[in-house]
Each structure stands twice: as C-alpha cells, then as structure tokens.
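A.B. asks: The file below is structure17.cif, mmCIF, C-alpha atoms:
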data_input
#
loop_
_atom_site.group_PDB
_atom_site.id
_atom_site.type_symbol
_atom_site.label_atom_id
_atom_site.label_comp_id
_atom_site.auth_asym_id
_atom_site.auth_seq_id
_atom_site.Cartn_x
_atom_site.Cartn_y
_atom_site.Cartn_z
ATOM 1 C CA MET A 262 -283.307 110.609 84.283
ATOM 2 C CA LYS A 263 -284.563 110.438 80.752
ATOM 3 C CA ILE A 264 -285.950 107.086 79.450
ATOM 4 C CA ASN A 265 -285.627 106.400 75.729
ATOM 5 C CA LYS A 266 -287.864 104.056 73.818
ATOM 6 C CA ASP A 267 -284.762 102.277 72.498
ATOM 7 C CA ASP A 268 -283.504 101.153 75.937
ATOM 8 C CA GLY A 269 -284.027 97.484 76.913
ATOM 9 C CA PHE A 270 -285.876 94.652 75.225
ATOM 10 C CA THR A 271 -289.487 94.312 74.305
ATOM 11 C CA LEU A 272 -291.643 91.418 75.434
ATOM 12 C CA VAL A 273 -291.773 90.055 71.887
ATOM 13 C CA GLU A 274 -287.968 90.002 71.637
ATOM 14 C CA ILE A 275 -287.698 88.169 74.951
ATOM 15 C CA LEU A 276 -290.291 85.568 73.902
ATOM 16 C CA ILE A 277 -288.502 84.975 70.591
ATOM 17 C CA ALA A 278 -285.154 84.562 72.388
ATOM 18 C CA ILE A 279 -286.664 82.116 74.893
ATOM 19 C CA THR A 280 -288.254 80.114 72.053
ATOM 20 C CA ILE A 281 -284.959 79.862 70.154
ATOM 21 C CA PHE A 282 -283.115 78.867 73.336
ATOM 22 C CA SER A 283 -285.774 76.242 74.173
ATOM 23 C CA LEU A 284 -285.512 74.694 70.698
ATOM 24 C CA ALA A 285 -281.731 74.533 70.992
ATOM 25 C CA VAL A 286 -281.914 72.819 74.404
ATOM 26 C CA LEU A 287 -284.557 70.401 73.105
ATOM 27 C CA GLY A 288 -282.279 69.496 70.182
ATOM 28 C CA LEU A 289 -279.403 68.814 72.572
ATOM 29 C CA ALA A 290 -281.642 66.651 74.773
ATOM 30 C CA ILE A 291 -282.817 64.585 71.798
ATOM 31 C CA GLY A 292 -279.207 64.168 70.668
ATOM 32 C CA THR A 293 -278.180 63.036 74.145
ATOM 33 C CA VAL A 294 -280.962 60.449 74.313
ATOM 34 C CA SER A 295 -279.941 59.151 70.886
ATOM 35 C CA VAL A 296 -276.296 58.810 71.939
ATOM 36 C CA VAL A 297 -277.231 57.008 75.166
ATOM 37 C CA ARG A 298 -279.514 54.582 73.286
ATOM 38 C CA THR A 299 -276.826 53.861 70.677
ATOM 39 C CA ASN A 300 -274.249 53.279 73.408
ATOM 40 C CA GLN A 301 -276.588 50.849 75.209
ATOM 41 C CA THR A 302 -277.315 48.975 71.970
ATOM 42 C CA SER A 303 -273.589 48.664 71.229
ATOM 43 C CA HIS A 304 -272.912 47.392 74.741
ATOM 44 C CA LEU A 305 -275.656 44.751 74.463
ATOM 45 C CA ARG A 306 -274.426 43.680 71.019
ATOM 46 C CA ALA A 307 -270.929 43.180 72.448
ATOM 47 C CA SER A 308 -272.420 41.067 75.250
ATOM 48 C CA ALA A 309 -274.347 39.006 72.673
ATOM 49 C CA VAL A 310 -271.166 38.403 70.663
ATOM 50 C CA ASN A 311 -269.347 37.274 73.821
ATOM 51 C CA LEU A 312 -272.153 34.865 74.775
ATOM 52 C CA ALA A 313 -272.279 33.357 71.292
ATOM 53 C CA GLN A 314 -268.512 33.021 71.176
ATOM 54 C CA ALA A 315 -268.522 31.325 74.585
ATOM 55 C CA ARG A 316 -271.026 28.709 73.366
ATOM 56 C CA LEU A 317 -269.081 28.127 70.144
ATOM 57 C CA GLU A 318 -265.829 27.730 72.066
ATOM 58 C CA GLU A 319 -267.462 25.233 74.447
ATOM 59 C CA LEU A 320 -268.625 23.149 71.493
ATOM 60 C CA ARG A 321 -265.265 23.403 69.722
ATOM 61 C CA ALA A 322 -263.397 22.339 72.855
ATOM 62 C CA MET A 323 -265.366 19.081 73.122
ATOM 63 C CA THR A 324 -263.722 15.861 72.103
ATOM 64 C CA THR A 325 -265.194 14.022 69.134
ATOM 65 C CA THR A 326 -266.790 11.475 71.468
ATOM 66 C CA ALA A 327 -268.327 14.135 73.718
ATOM 67 C CA PHE A 328 -269.541 16.136 70.740
ATOM 68 C CA SER A 329 -271.161 13.060 69.172
ATOM 69 C CA SER A 330 -272.898 12.130 72.422
ATOM 70 C CA LEU A 331 -274.597 15.491 73.006
ATOM 71 C CA ASP A 332 -278.115 14.883 74.303
ATOM 72 C CA CYS A 333 -279.320 18.165 72.974
ATOM 73 C CA PRO A 334 -279.824 19.003 70.122
ATOM 74 C CA SER A 335 -279.380 15.436 68.852
ATOM 75 C CA TYR A 336 -279.005 16.886 65.369
ATOM 76 C CA SER A 337 -282.683 17.825 65.066
ATOM 77 C CA THR A 338 -284.251 20.845 63.416
ATOM 78 C CA THR A 339 -285.258 22.404 66.742
ATOM 79 C CA GLY A 340 -281.806 22.592 68.263
ATOM 80 C CA CYS A 341 -281.107 23.442 71.885
ATOM 81 C CA SER A 342 -281.466 26.593 73.938
ATOM 82 C CA ASP A 343 -280.685 28.246 77.236
ATOM 83 C CA SER A 344 -280.650 31.731 78.661
ATOM 84 C CA ALA A 345 -277.810 33.812 79.978
ATOM 85 C CA ALA A 346 -277.674 37.136 81.765
ATOM 86 C CA ALA A 347 -275.148 39.829 80.974
ATOM 87 C CA SER A 348 -275.123 43.602 81.338
ATOM 88 C CA GLY A 349 -278.399 43.497 83.256
ATOM 89 C CA THR A 350 -280.235 41.870 80.340
ATOM 90 C CA THR A 351 -281.372 38.298 79.805
ATOM 91 C CA PHE A 352 -280.297 36.829 76.493
ATOM 92 C CA SER A 353 -281.939 33.799 74.898
ATOM 93 C CA ARG A 354 -279.303 31.608 73.299
ATOM 94 C CA SER A 355 -280.077 28.726 70.936
ATOM 95 C CA TRP A 356 -277.811 26.548 68.844
ATOM 96 C CA GLN A 357 -278.224 23.924 66.199
ATOM 97 C CA ILE A 358 -275.710 21.400 64.886
ATOM 98 C CA THR A 359 -275.842 20.174 61.291
ATOM 99 C CA LYS A 360 -273.780 17.033 60.653
ATOM 100 C CA ASN A 361 -271.457 16.811 57.644
ATOM 101 C CA SER A 362 -272.066 20.364 56.564
ATOM 102 C CA PRO A 363 -270.497 22.068 54.655
ATOM 103 C CA VAL A 364 -268.361 18.990 53.938
ATOM 104 C CA THR A 365 -268.109 15.439 55.236
ATOM 105 C CA GLY A 366 -266.330 15.265 58.579
ATOM 106 C CA VAL A 367 -267.273 18.795 59.587
ATOM 107 C CA ASN A 368 -270.294 19.883 61.624
ATOM 108 C CA ARG A 369 -271.927 23.262 61.159
ATOM 109 C CA VAL A 370 -272.912 24.995 64.402
ATOM 110 C CA ASP A 371 -275.352 27.927 64.294
ATOM 111 C CA VAL A 372 -275.716 29.972 67.481
ATOM 112 C CA ARG A 373 -278.525 32.526 67.701
ATOM 113 C CA ILE A 374 -278.767 35.175 70.417
ATOM 114 C CA ASP A 375 -282.033 37.048 71.038
ATOM 115 C CA TRP A 376 -282.690 39.882 73.478
ATOM 116 C CA THR A 377 -284.931 42.890 73.934
ATOM 117 C CA ASP A 378 -283.803 46.406 74.688
ATOM 118 C CA HIS A 379 -285.894 49.207 73.150
ATOM 119 C CA ALA A 380 -286.753 46.736 70.369
ATOM 120 C CA GLY A 381 -286.290 43.020 69.712
ATOM 121 C CA GLN A 382 -282.730 42.195 68.652
ATOM 122 C CA SER A 383 -281.184 39.041 67.210
ATOM 123 C CA MET A 384 -277.769 37.890 66.011
ATOM 124 C CA THR A 385 -276.706 34.570 64.453
ATOM 125 C CA PHE A 386 -273.184 33.155 64.351
ATOM 126 C CA THR A 387 -271.994 30.139 62.382
ATOM 127 C CA ALA A 388 -268.882 28.023 62.867
ATOM 128 C CA ALA A 389 -267.496 24.779 61.477
ATOM 129 C CA VAL A 390 -266.421 22.157 64.005
ATOM 130 C CA PRO A 391 -264.499 19.060 62.885
ATOM 131 C CA GLN A 392 -266.023 15.719 63.892
#
Now that the file is in, can you turn its structure into structure tokens?
C.D. replies:
Amino acid sequence: MKINKDDGFTLVEILIAITIFSLAVLGLAIGTVSVVRTNQTSHLRASAVNLAQARLEELRAMTTTAFSSLDCPSYSTTGCSDSAAASGTTFSRSWQITKNSPVTGVNRVDVRIDWTDHAGQSMTFTAAVPQ
C-alpha cells in the first residue's frame, strides 16, 4: 500500500478546525445565556406589572369613606409599602396618594415596584382615583 503525502489532515488543519468549532459553540452558548436572561427579565417585569395593577385595583375599589380613612400613607411624602412574592422573587411595593391631583376631587396614586434580578429593577405606575 502506497501512502501519499496528500492523504488525511495535518495537525495544524485539525487545530484550526477545532478552534473555529469552539468559537462557534461559544457564540451559541453566549446567545443562549442572553436569551434566558431576557426571558427571565420579561417574566419578572410582567409579575411587577401584575402586582402594581393589583394594588391600584384595590385602591380604586375602595369606597370614598374607606379611601379617605386609610391609615397609611395618610397623604404624606413617604407613602406606604409592603412586599410581595411572585415568580420566586420578592418585590418591594410602595405607593403614595396625592390628594386633589391632577384636579380637585381626584387623587393621584403612584405605585412603585422594586426588585433585583441580575441588576436592580424598578417600575412606577400612576393612576387617578376619584374621591
């Protein structure tokens, strides 16, 4: 059997092929991590929106008497806060009520949701509630 120099691959060719393949796999892994992180962030944002909406709906559903007699936040600058858990994460929820804003007879309610995933996140929602 006669062996030609042109048969097979050289060590350099194999190393170059492995390097190119490794870079391609690394790129796919980075892309996968990015997609998973974005999906998690979107899921937590949806949970934050639901928690804020729940608080706003609770305040809107109150009668005028019940709304006026709220112990907290008593229309101060500090507002009121609590925490809620959703999607395996603890969210800090705070709300503040501003009387007669934007017009007389209407209260402005600001609800802020804070949480931490890979970075600190925050969202604020505003609604008008008649007195």
A.B. asks: Residues within 12 Å of Arg369 in chain A, please, as a PDB file with C-alpha atoms, in the coordinates of the input. Count all atoms listed in the file; anything in the same chain fewer than 3 positions from it doesn't count.
C.D. replies:
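Generated file (around_6.pdb):
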ATOM      1  CA  LEU A 317    -269.081  28.127  70.144  1.00  0.00           C
ATOM      2  CA  LEU A 320    -268.625  23.149  71.493  1.00  0.00           C
ATOM      3  CA  ARG A 321    -265.265  23.403  69.722  1.00  0.00           C
ATOM      4  CA  TYR A 336    -279.005  16.886  65.369  1.00  0.00           C
ATOM      5  CA  TRP A 356    -277.811  26.548  68.844  1.00  0.00           C
ATOM      6  CA  GLN A 357    -278.224  23.924  66.199  1.00  0.00           C
ATOM      7  CA  ILE A 358    -275.710  21.400  64.886  1.00  0.00           C
ATOM      8  CA  THR A 359    -275.842  20.174  61.291  1.00  0.00           C
ATOM      9  CA  LYS A 360    -273.780  17.033  60.653  1.00  0.00           C
ATOM     10  CA  ASN A 361    -271.457  16.811  57.644  1.00  0.00           C
ATOM     11  CA  SER A 362    -272.066  20.364  56.564  1.00  0.00           C
ATOM     12  CA  PRO A 363    -270.497  22.068  54.655  1.00  0.00           C
ATOM     13  CA  VAL A 364    -268.361  18.990  53.938  1.00  0.00           C
ATOM     14  CA  THR A 365    -268.109  15.439  55.236  1.00  0.00           C
ATOM     15  CA  GLY A 366    -266.330  15.265  58.579  1.00  0.00           C
ATOM     16  CA  VAL A 372    -275.716  29.972  67.481  1.00  0.00           C
ATOM     17  CA  PHE A 386    -273.184  33.155  64.351  1.00  0.00           C
ATOM     18  CA  THR A 387    -271.994  30.139  62.382  1.00  0.00           C
ATOM     19  CA  ALA A 388    -268.882  28.023  62.867  1.00  0.00           C
ATOM     20  CA  ALA A 389    -267.496  24.779  61.477  1.00  0.00           C
ATOM     21  CA  VAL A 390    -266.421  22.157  64.005  1.00  0.00           C
ATOM     22  CA  PRO A 391    -264.499  19.060  62.885  1.00  0.00           C
ATOM     23  CA  GLN A 392    -266.023  15.719  63.892  1.00  0.00           C
TER      24      GLN A 392
END
A.B. asks: Let me have the centre and edge lengths in Å, one decimal, of the box along x, y and z around every listed atom of range 362-367 of chain A with 5 Å of margin on each side, as lines of an AutoDock Vina configuration file.
C.D. replies:
center_x = -269.2
center_y = 18.7
center_z = 56.8
size_x = 15.7
size_y = 16.8
size_z = 15.6
A.B. asks: Rank A:Ser342, A:Thr280, A:Thr324, A:Ser295 by their smallest atom-to-atom distance to Asp371 in chain A, using only C-alpha atoms, and report the top residue only.
C.D. replies: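 Closest residue, counting only C-alpha atoms: A:Ser342.
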A.B. asks: I'd like the contact shell of Thr385 in chain A - 10 Å cut-off, only C-alpha atoms, skipping same-chain residues fewer than 5 positions apart - returned as a PDB file with C-alpha atoms, in the coordinates of the input.
C.D. replies:
ATOM      1  CA  ALA A 309    -274.347  39.006  72.673  1.00  0.00           C
ATOM      2  CA  VAL A 310    -271.166  38.403  70.663  1.00  0.00           C
ATOM      3  CA  ALA A 313    -272.279  33.357  71.292  1.00  0.00           C
ATOM      4  CA  ARG A 354    -279.303  31.608  73.299  1.00  0.00           C
ATOM      5  CA  SER A 355    -280.077  28.726  70.936  1.00  0.00           C
ATOM      6  CA  TRP A 356    -277.811  26.548  68.844  1.00  0.00           C
ATOM      7  CA  ASP A 371    -275.352  27.927  64.294  1.00  0.00           C
ATOM      8  CA  VAL A 372    -275.716  29.972  67.481  1.00  0.00           C
ATOM      9  CA  ARG A 373    -278.525  32.526  67.701  1.00  0.00           C
ATOM     10  CA  ILE A 374    -278.767  35.175  70.417  1.00  0.00           C
ATOM     11  CA  ASP A 375    -282.033  37.048  71.038  1.00  0.00           C
TER      12      ASP A 375
END
A.B. asks: Given only C-alpha atoms as the basis, pick out the residue of A:Thr271, A:Thr377, A:Ser348, A:Ser283 nearest to Ala307 in chain A.
C.D. replies: A:Ser348
A.B. asks: Report, in Å with one decimal, the straight-line distance from CA of Ser308 in chain A to CA of Thr325 in chain A.
C.D. replies: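 Between these atoms lies a distance of 28.7 Å.
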A.B. asks: CA of Ser329 in chain A to CA of Ser353 in chain A: how many Å, to one decimal?
C.D. replies: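 Rounded to one decimal, the two atoms are 24.1 Å apart.
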A.B. asks: Can you work out the spacing between CA of Phe282 in chain A and CA of Gly269 in chain A in Å, to one decimal?
C.D. replies: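 Interatomic distance here is 19.0 Å.
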A.B. asks: Since fewer atoms than expected are present, regenerate N, CA and C atoms for range 361-374 of chain A and write them as an mmCIF file, in the coordinates of the input.
C.D. replies:
data_model
loop_
_atom_site.group_PDB
_atom_site.id
_atom_site.type_symbol
_atom_site.label_atom_id
_atom_site.label_comp_id
_atom_site.auth_asym_id
_atom_site.auth_seq_id
_atom_site.Cartn_x
_atom_site.Cartn_y
_atom_site.Cartn_z
ATOM 1 N N ASN A 361 -272.057 16.889 58.985
ATOM 2 C CA ASN A 361 -271.457 16.811 57.644
ATOM 3 C C ASN A 361 -271.849 17.989 56.756
ATOM 4 N N SER A 362 -271.788 19.151 57.329
ATOM 5 C CA SER A 362 -272.066 20.364 56.564
ATOM 6 C C SER A 362 -271.016 21.392 56.966
ATOM 7 N N PRO A 363 -270.350 21.997 56.098
ATOM 8 C CA PRO A 363 -270.497 22.068 54.655
ATOM 9 C C PRO A 363 -269.849 20.908 53.901
ATOM 10 N N VAL A 364 -268.985 20.149 54.587
ATOM 11 C CA VAL A 364 -268.361 18.990 53.938
ATOM 12 C C VAL A 364 -268.399 17.809 54.909
ATOM 13 N N THR A 365 -268.135 16.635 54.402
ATOM 14 C CA THR A 365 -268.109 15.439 55.236
ATOM 15 C C THR A 365 -267.000 15.557 56.273
ATOM 16 N N GLY A 366 -267.316 15.193 57.507
ATOM 17 C CA GLY A 366 -266.330 15.265 58.579
ATOM 18 C C GLY A 366 -266.326 16.582 59.322
ATOM 19 N N VAL A 367 -267.192 17.483 58.942
ATOM 20 C CA VAL A 367 -267.273 18.795 59.587
ATOM 21 C C VAL A 367 -268.735 19.052 59.964
ATOM 22 N N ASN A 368 -268.948 19.538 61.177
ATOM 23 C CA ASN A 368 -270.294 19.883 61.624
ATOM 24 C C ASN A 368 -270.461 21.396 61.609
ATOM 25 N N ARG A 369 -271.602 21.833 61.155
ATOM 26 C CA ARG A 369 -271.927 23.262 61.159
ATOM 27 C C ARG A 369 -272.700 23.573 62.439
ATOM 28 N N VAL A 370 -272.256 24.581 63.162
ATOM 29 C CA VAL A 370 -272.912 24.995 64.402
ATOM 30 C C VAL A 370 -273.417 26.422 64.205
ATOM 31 N N ASP A 371 -274.728 26.600 64.369
ATOM 32 C CA ASP A 371 -275.352 27.927 64.294
ATOM 33 C C ASP A 371 -275.797 28.317 65.696
ATOM 34 N N VAL A 372 -275.327 29.462 66.171
ATOM 35 C CA VAL A 372 -275.716 29.972 67.481
ATOM 36 C C VAL A 372 -276.480 31.269 67.265
ATOM 37 N N ARG A 373 -277.680 31.335 67.836
ATOM 38 C CA ARG A 373 -278.525 32.526 67.701
ATOM 39 C C ARG A 373 -278.734 33.117 69.082
ATOM 40 N N ILE A 374 -278.570 34.440 69.171
ATOM 41 C CA ILE A 374 -278.767 35.175 70.417
ATOM 42 C C ILE A 374 -279.916 36.157 70.198
#
